[in-house]
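Structure data (mmCIF, C-alpha atoms) from start.cif:
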data_query
#
loop_
_atom_site.label_atom_id
_atom_site.label_comp_id
_atom_site.auth_asym_id
_atom_site.auth_seq_id
_atom_site.Cartn_x
_atom_site.Cartn_y
_atom_site.Cartn_z
CA MET O 506 5.87 -24.92 43.28
CA ASN O 507 9.27 -26.62 43.38
CA TYR O 508 12.14 -24.22 43.54
CA ASP O 509 14.11 -23.93 40.27
CA PRO O 510 17.41 -22.01 40.52
CA ASP O 511 17.46 -21.37 36.75
CA LYS O 512 14.24 -19.37 36.75
CA VAL O 513 14.89 -15.66 36.66
CA TRP O 514 12.33 -13.25 38.04
CA PRO O 515 10.28 -11.13 37.60
CA SER O 516 9.19 -13.06 34.50
CA GLY O 517 10.17 -16.49 35.80
CA LEU O 518 11.69 -17.69 32.51
CA THR O 519 15.04 -19.38 32.31
CA ILE O 520 17.72 -17.73 30.14
CA GLY O 521 17.33 -20.52 27.60
CA GLU O 522 13.58 -19.95 27.34
CA ALA O 523 14.10 -16.21 26.98
CA GLU O 524 16.60 -16.69 24.15
CA GLU O 525 14.33 -19.16 22.38
CA LEU O 526 11.39 -16.76 22.54
CA HIS O 527 13.55 -13.86 21.39
CA ARG O 528 14.76 -15.85 18.40
CA HIS O 529 11.13 -16.27 17.29
CA ILE O 530 10.47 -12.57 17.83
CA ILE O 531 13.50 -11.68 15.69
CA ASP O 532 12.54 -14.12 12.92
CA GLY O 533 9.00 -12.77 12.87
CA THR O 534 10.29 -9.24 12.65
CA ARG O 535 12.49 -10.23 9.72
CA VAL O 536 9.50 -11.75 7.88
CA PHE O 537 7.51 -8.57 8.54
CA GLY O 538 10.42 -6.52 7.20
CA PHE O 539 10.71 -8.64 4.08
CA ILE O 540 6.97 -8.30 3.37
CA ALA O 541 7.22 -4.55 3.89
CA ILE O 542 10.14 -4.30 1.43
CA VAL O 543 8.14 -6.19 -1.21
CA ALA O 544 5.11 -3.96 -0.60
CA HIS O 545 7.20 -0.81 -0.98
CA ILE O 546 8.73 -2.10 -4.24
CA LEU O 547 5.23 -2.81 -5.61
CA ALA O 548 4.03 0.65 -4.49
CA TYR O 549 7.07 2.26 -6.16
CA VAL O 550 6.44 0.37 -9.42
CA TYR O 551 2.64 0.56 -9.66
CA THR O 552 1.76 3.93 -8.15
CA PRO O 553 2.85 7.50 -8.94
CA TRP O 554 4.97 7.48 -5.81
CA PHE O 555 8.11 9.53 -6.72
CA GLY O 556 6.61 10.66 -10.01
CA MET W 84 20.91 -11.82 21.04
CA ASN W 85 21.69 -9.94 24.24
CA ASN W 86 18.25 -8.39 23.99
CA ALA W 87 16.79 -11.79 24.83
CA LYS W 88 17.22 -10.93 28.52
CA LEU W 89 14.27 -8.64 28.03
CA TRP W 90 12.08 -11.69 28.55
CA LEU W 91 13.58 -12.29 31.95
CA VAL W 92 12.01 -9.01 32.99
CA VAL W 93 8.90 -8.72 30.79
CA LYS W 94 6.43 -11.61 30.94
CA PRO W 95 5.92 -12.93 27.35
CA THR W 96 2.14 -13.07 27.87
CA VAL W 97 2.30 -9.28 28.26
CA GLY W 98 5.27 -8.36 26.06
CA VAL W 99 4.42 -10.27 22.89
CA PRO W 100 0.84 -8.97 22.40
CA LEU W 101 2.03 -5.49 23.34
CA PHE W 102 4.79 -5.65 20.73
CA LEU W 103 2.49 -6.91 17.97
CA THR W 104 -0.17 -4.31 18.80
CA ALA W 105 2.42 -1.56 18.68
CA VAL W 106 3.57 -2.69 15.24
CA ALA W 107 -0.02 -2.88 13.96
CA VAL W 108 -1.00 0.54 15.35
CA SER W 109 2.10 2.28 14.00
CA SER W 110 1.72 0.64 10.61
CA PHE W 111 -1.94 1.69 10.43
CA ALA W 112 -1.09 5.24 11.50
CA THR W 113 1.55 5.47 8.79
CA HIS W 114 -0.92 4.43 6.12
CA VAL W 115 -3.47 6.98 7.38
CA ALA W 116 -0.83 9.71 7.32
CA VAL W 117 0.26 8.91 3.76
CA MET W 118 -3.38 8.72 2.65
CA LYS W 119 -4.14 12.05 4.31
CA TYR W 120 -1.07 14.16 3.60
CA SER W 121 0.34 12.89 0.33
CA LYS W 122 -1.01 14.18 -2.95
CA TRP W 123 -0.19 11.20 -5.11
CA LEU W 124 -2.02 8.46 -3.16
CA PRO W 125 -5.47 10.04 -3.04
CA GLU W 126 -5.06 11.02 -6.71
CA PHE W 127 -4.02 7.47 -7.49
CA TYR W 128 -7.17 6.10 -5.87
CA ALA W 129 -9.27 8.72 -7.66
CA GLY W 130 -7.92 7.55 -11.01
CA ALA W 131 -6.18 10.83 -11.90
CA VAL W 132 -3.69 8.81 -13.94
CA ILE W 133 -6.38 8.31 -16.61
CA GLU W 134 -6.40 12.05 -17.24
CA LYS W 135 -2.62 12.12 -17.64
CA GLN W 136 -2.98 9.46 -20.35
CA ALA W 137 -5.44 11.85 -21.99
CA ASP W 138 -2.69 14.50 -22.31
CA VAL W 139 -0.75 12.06 -24.45
CA ALA W 140 -3.78 11.28 -26.59
CA LEU W 141 -4.66 14.98 -26.86
CA ASN W 142 -1.55 15.91 -28.84
CA SER W 143 -1.81 13.03 -31.23
CA THR W 144 -5.33 13.56 -32.53
CA GLY W 145 -5.66 17.36 -32.71
CA SER W 146 -9.41 17.10 -32.11
CA ASN W 147 -11.18 19.69 -29.96
CA ALA W 148 -11.74 17.19 -27.13
CA VAL W 149 -10.68 13.68 -26.24
CA VAL W 150 -12.59 11.07 -24.27
CA VAL W 151 -10.56 8.58 -22.31
CA PHE W 152 -12.75 5.66 -21.39
CA ASP W 153 -12.43 3.87 -18.05
CA ASN W 154 -10.17 0.84 -18.58
CA GLY W 155 -11.92 -2.50 -18.72
CA LEU W 156 -14.80 -1.20 -20.81
CA SER W 157 -14.51 -2.31 -24.43
CA LEU W 158 -15.23 0.38 -26.98
CA ALA W 159 -16.51 -2.16 -29.41
CA SER W 160 -19.81 -2.64 -27.60
CA ASN W 161 -22.34 0.02 -28.54
CA GLY W 162 -23.56 0.35 -24.96
CA ALA W 163 -23.05 3.57 -23.04
CA GLN W 164 -19.36 4.12 -22.12
CA GLN W 165 -18.09 6.02 -19.07
CA GLY W 166 -14.92 8.04 -19.17
CA VAL W 167 -13.16 11.35 -18.73
CA VAL W 168 -13.49 14.13 -21.30
CA VAL W 169 -10.32 16.23 -21.56
CA LEU W 170 -10.73 19.59 -23.29
CA PRO W 171 -7.71 21.22 -24.97
CA ASP W 172 -7.32 23.65 -22.10
CA GLY W 173 -6.97 20.70 -19.73
CA ARG W 174 -10.36 20.91 -18.03
CA THR W 175 -11.81 17.44 -17.44
CA ALA W 176 -15.27 16.03 -16.76
CA ARG W 177 -16.74 12.59 -16.35
CA VAL W 178 -19.00 11.52 -19.17
CA VAL W 179 -21.41 8.76 -20.11
CA PHE W 180 -21.03 8.51 -23.87
CA GLU W 181 -23.41 6.85 -26.30
CA ASP W 182 -21.77 7.02 -29.71
CA GLN W 183 -17.98 7.35 -30.09
CA ASN W 184 -15.56 7.04 -33.00
CA MET W 185 -12.53 5.12 -31.82
CA ILE W 186 -8.94 6.13 -32.51
CA ASP W 187 -7.41 2.93 -33.81
CA GLY W 188 -5.32 0.98 -31.43
CA THR W 189 -5.85 3.27 -28.42
CA LYS W 190 -8.43 3.48 -25.66
CA THR W 191 -9.37 7.03 -26.62
CA ALA W 192 -12.02 8.41 -28.91
CA SER W 193 -12.36 11.89 -30.33
CA LEU W 194 -15.30 14.23 -30.83
CA LYS W 195 -15.11 16.03 -34.09
#

Whole structure, structure tokens version:
Amino acid sequence: MNYDPDKVWPSGLTIGEAEELHRHIIDGTRVFGFIAIVAHILAYVYTPWFG
Amino acid sequence: MNNAKLWLVVKPTVGVPLFLTAVAVSSFATHVAVMKYSKWLPEFYAGAVIEKQADVALNSTGSNAVVVFDNGLSLASNGAQQGVVVLPDGRTARVVFEDQNMIDGTKTASLK
């Protein structure tokens, strides 16, 4: 395996790769959060949650 | 974005599935807890709201009992209807009802 000074161990990713992956993780979390907010609004409107 | 350095330490093939599983498990556990410990959600699934509607109907008609039919069943058809009987003292029971006289414009019928 040719030696690559940019790779950082123990995971072996470069900083750029790590930031790219993390951006996807953050975006996915935001989508999950948005869906959860919508679900809670629907639950608040259509169920006897909070009377 | 300084948290991105996490992936220099944790291999994505391990970290990503672990993260998603943790979110799924905690979300499932939360739903179980609300289903188990809240009063309103189990009641909601059991259709207790229908009986609350009966309280409203009870005052308007003054009859000795009111039948609130399960929504979706049309009262017009003469077939047997299922519903909740609400007596004036608030006791309720499920009922399969053959012949009802409808209170106009509502989903309730009264027994004279």

Output of the PyMOL selection byres ((chain W and resi 109-124) around 9), listed as a list in words: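 Expected selection for the PyMOL selection byres ((chain W and resi 109-124) around 9) here is Thr552, Pro553, Trp554, Phe555 and Gly556 of chain O; Thr104, Ala105, Val106, Ala107, Val108, Pro125, Glu126, Phe127, Tyr128 and Ala129 of chain W.
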
Report as CSV the residues of chain O within 8 Å of chain W, each with its shortest atom pair and distance in Å (one decimal), using all atoms listed in the file, ordered by chain and increasing residue number.
residue,atom,partner,partner_atom,distance
O:Val513,CA,W:Leu91,CA,5.9
O:Trp514,CA,W:Leu91,CA,6.3
O:Pro515,CA,W:Val92,CA,5.4
O:Ser516,CA,W:Lys94,CA,4.7
O:Gly517,CA,W:Leu91,CA,6.6
O:Leu518,CA,W:Leu91,CA,5.7
O:Thr519,CA,W:Leu91,CA,7.2
O:Ile520,CA,W:Lys88,CA,7.0
O:Ala523,CA,W:Trp90,CA,5.2
O:Glu524,CA,W:Ala87,CA,5.0
O:Leu526,CA,W:Ala87,CA,7.7
O:His527,CA,W:Ala87,CA,5.2
O:Arg528,CA,W:Met84,CA,7.8
O:Thr552,CA,W:Phe127,CA,6.8
O:Pro553,CA,W:Trp123,CA,6.1
O:Trp554,CA,W:Trp123,CA,6.4

Separation of CA of Pro100 (chain W) from CA of Asp532 (chain O), in Å and rounded to one decimal: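 Here the two named atoms are 15.9 Å from each other.
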
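Across the structure, CA of Asp509 (chain O) and CA of Val97 (chain W) are spaced 22.3 Å apart.
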
CA of Leu170 (chain W) to CA of Thr189 (chain W), distance in Å rounded to a single decimal: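 Here the two named atoms are 17.8 Å from each other.
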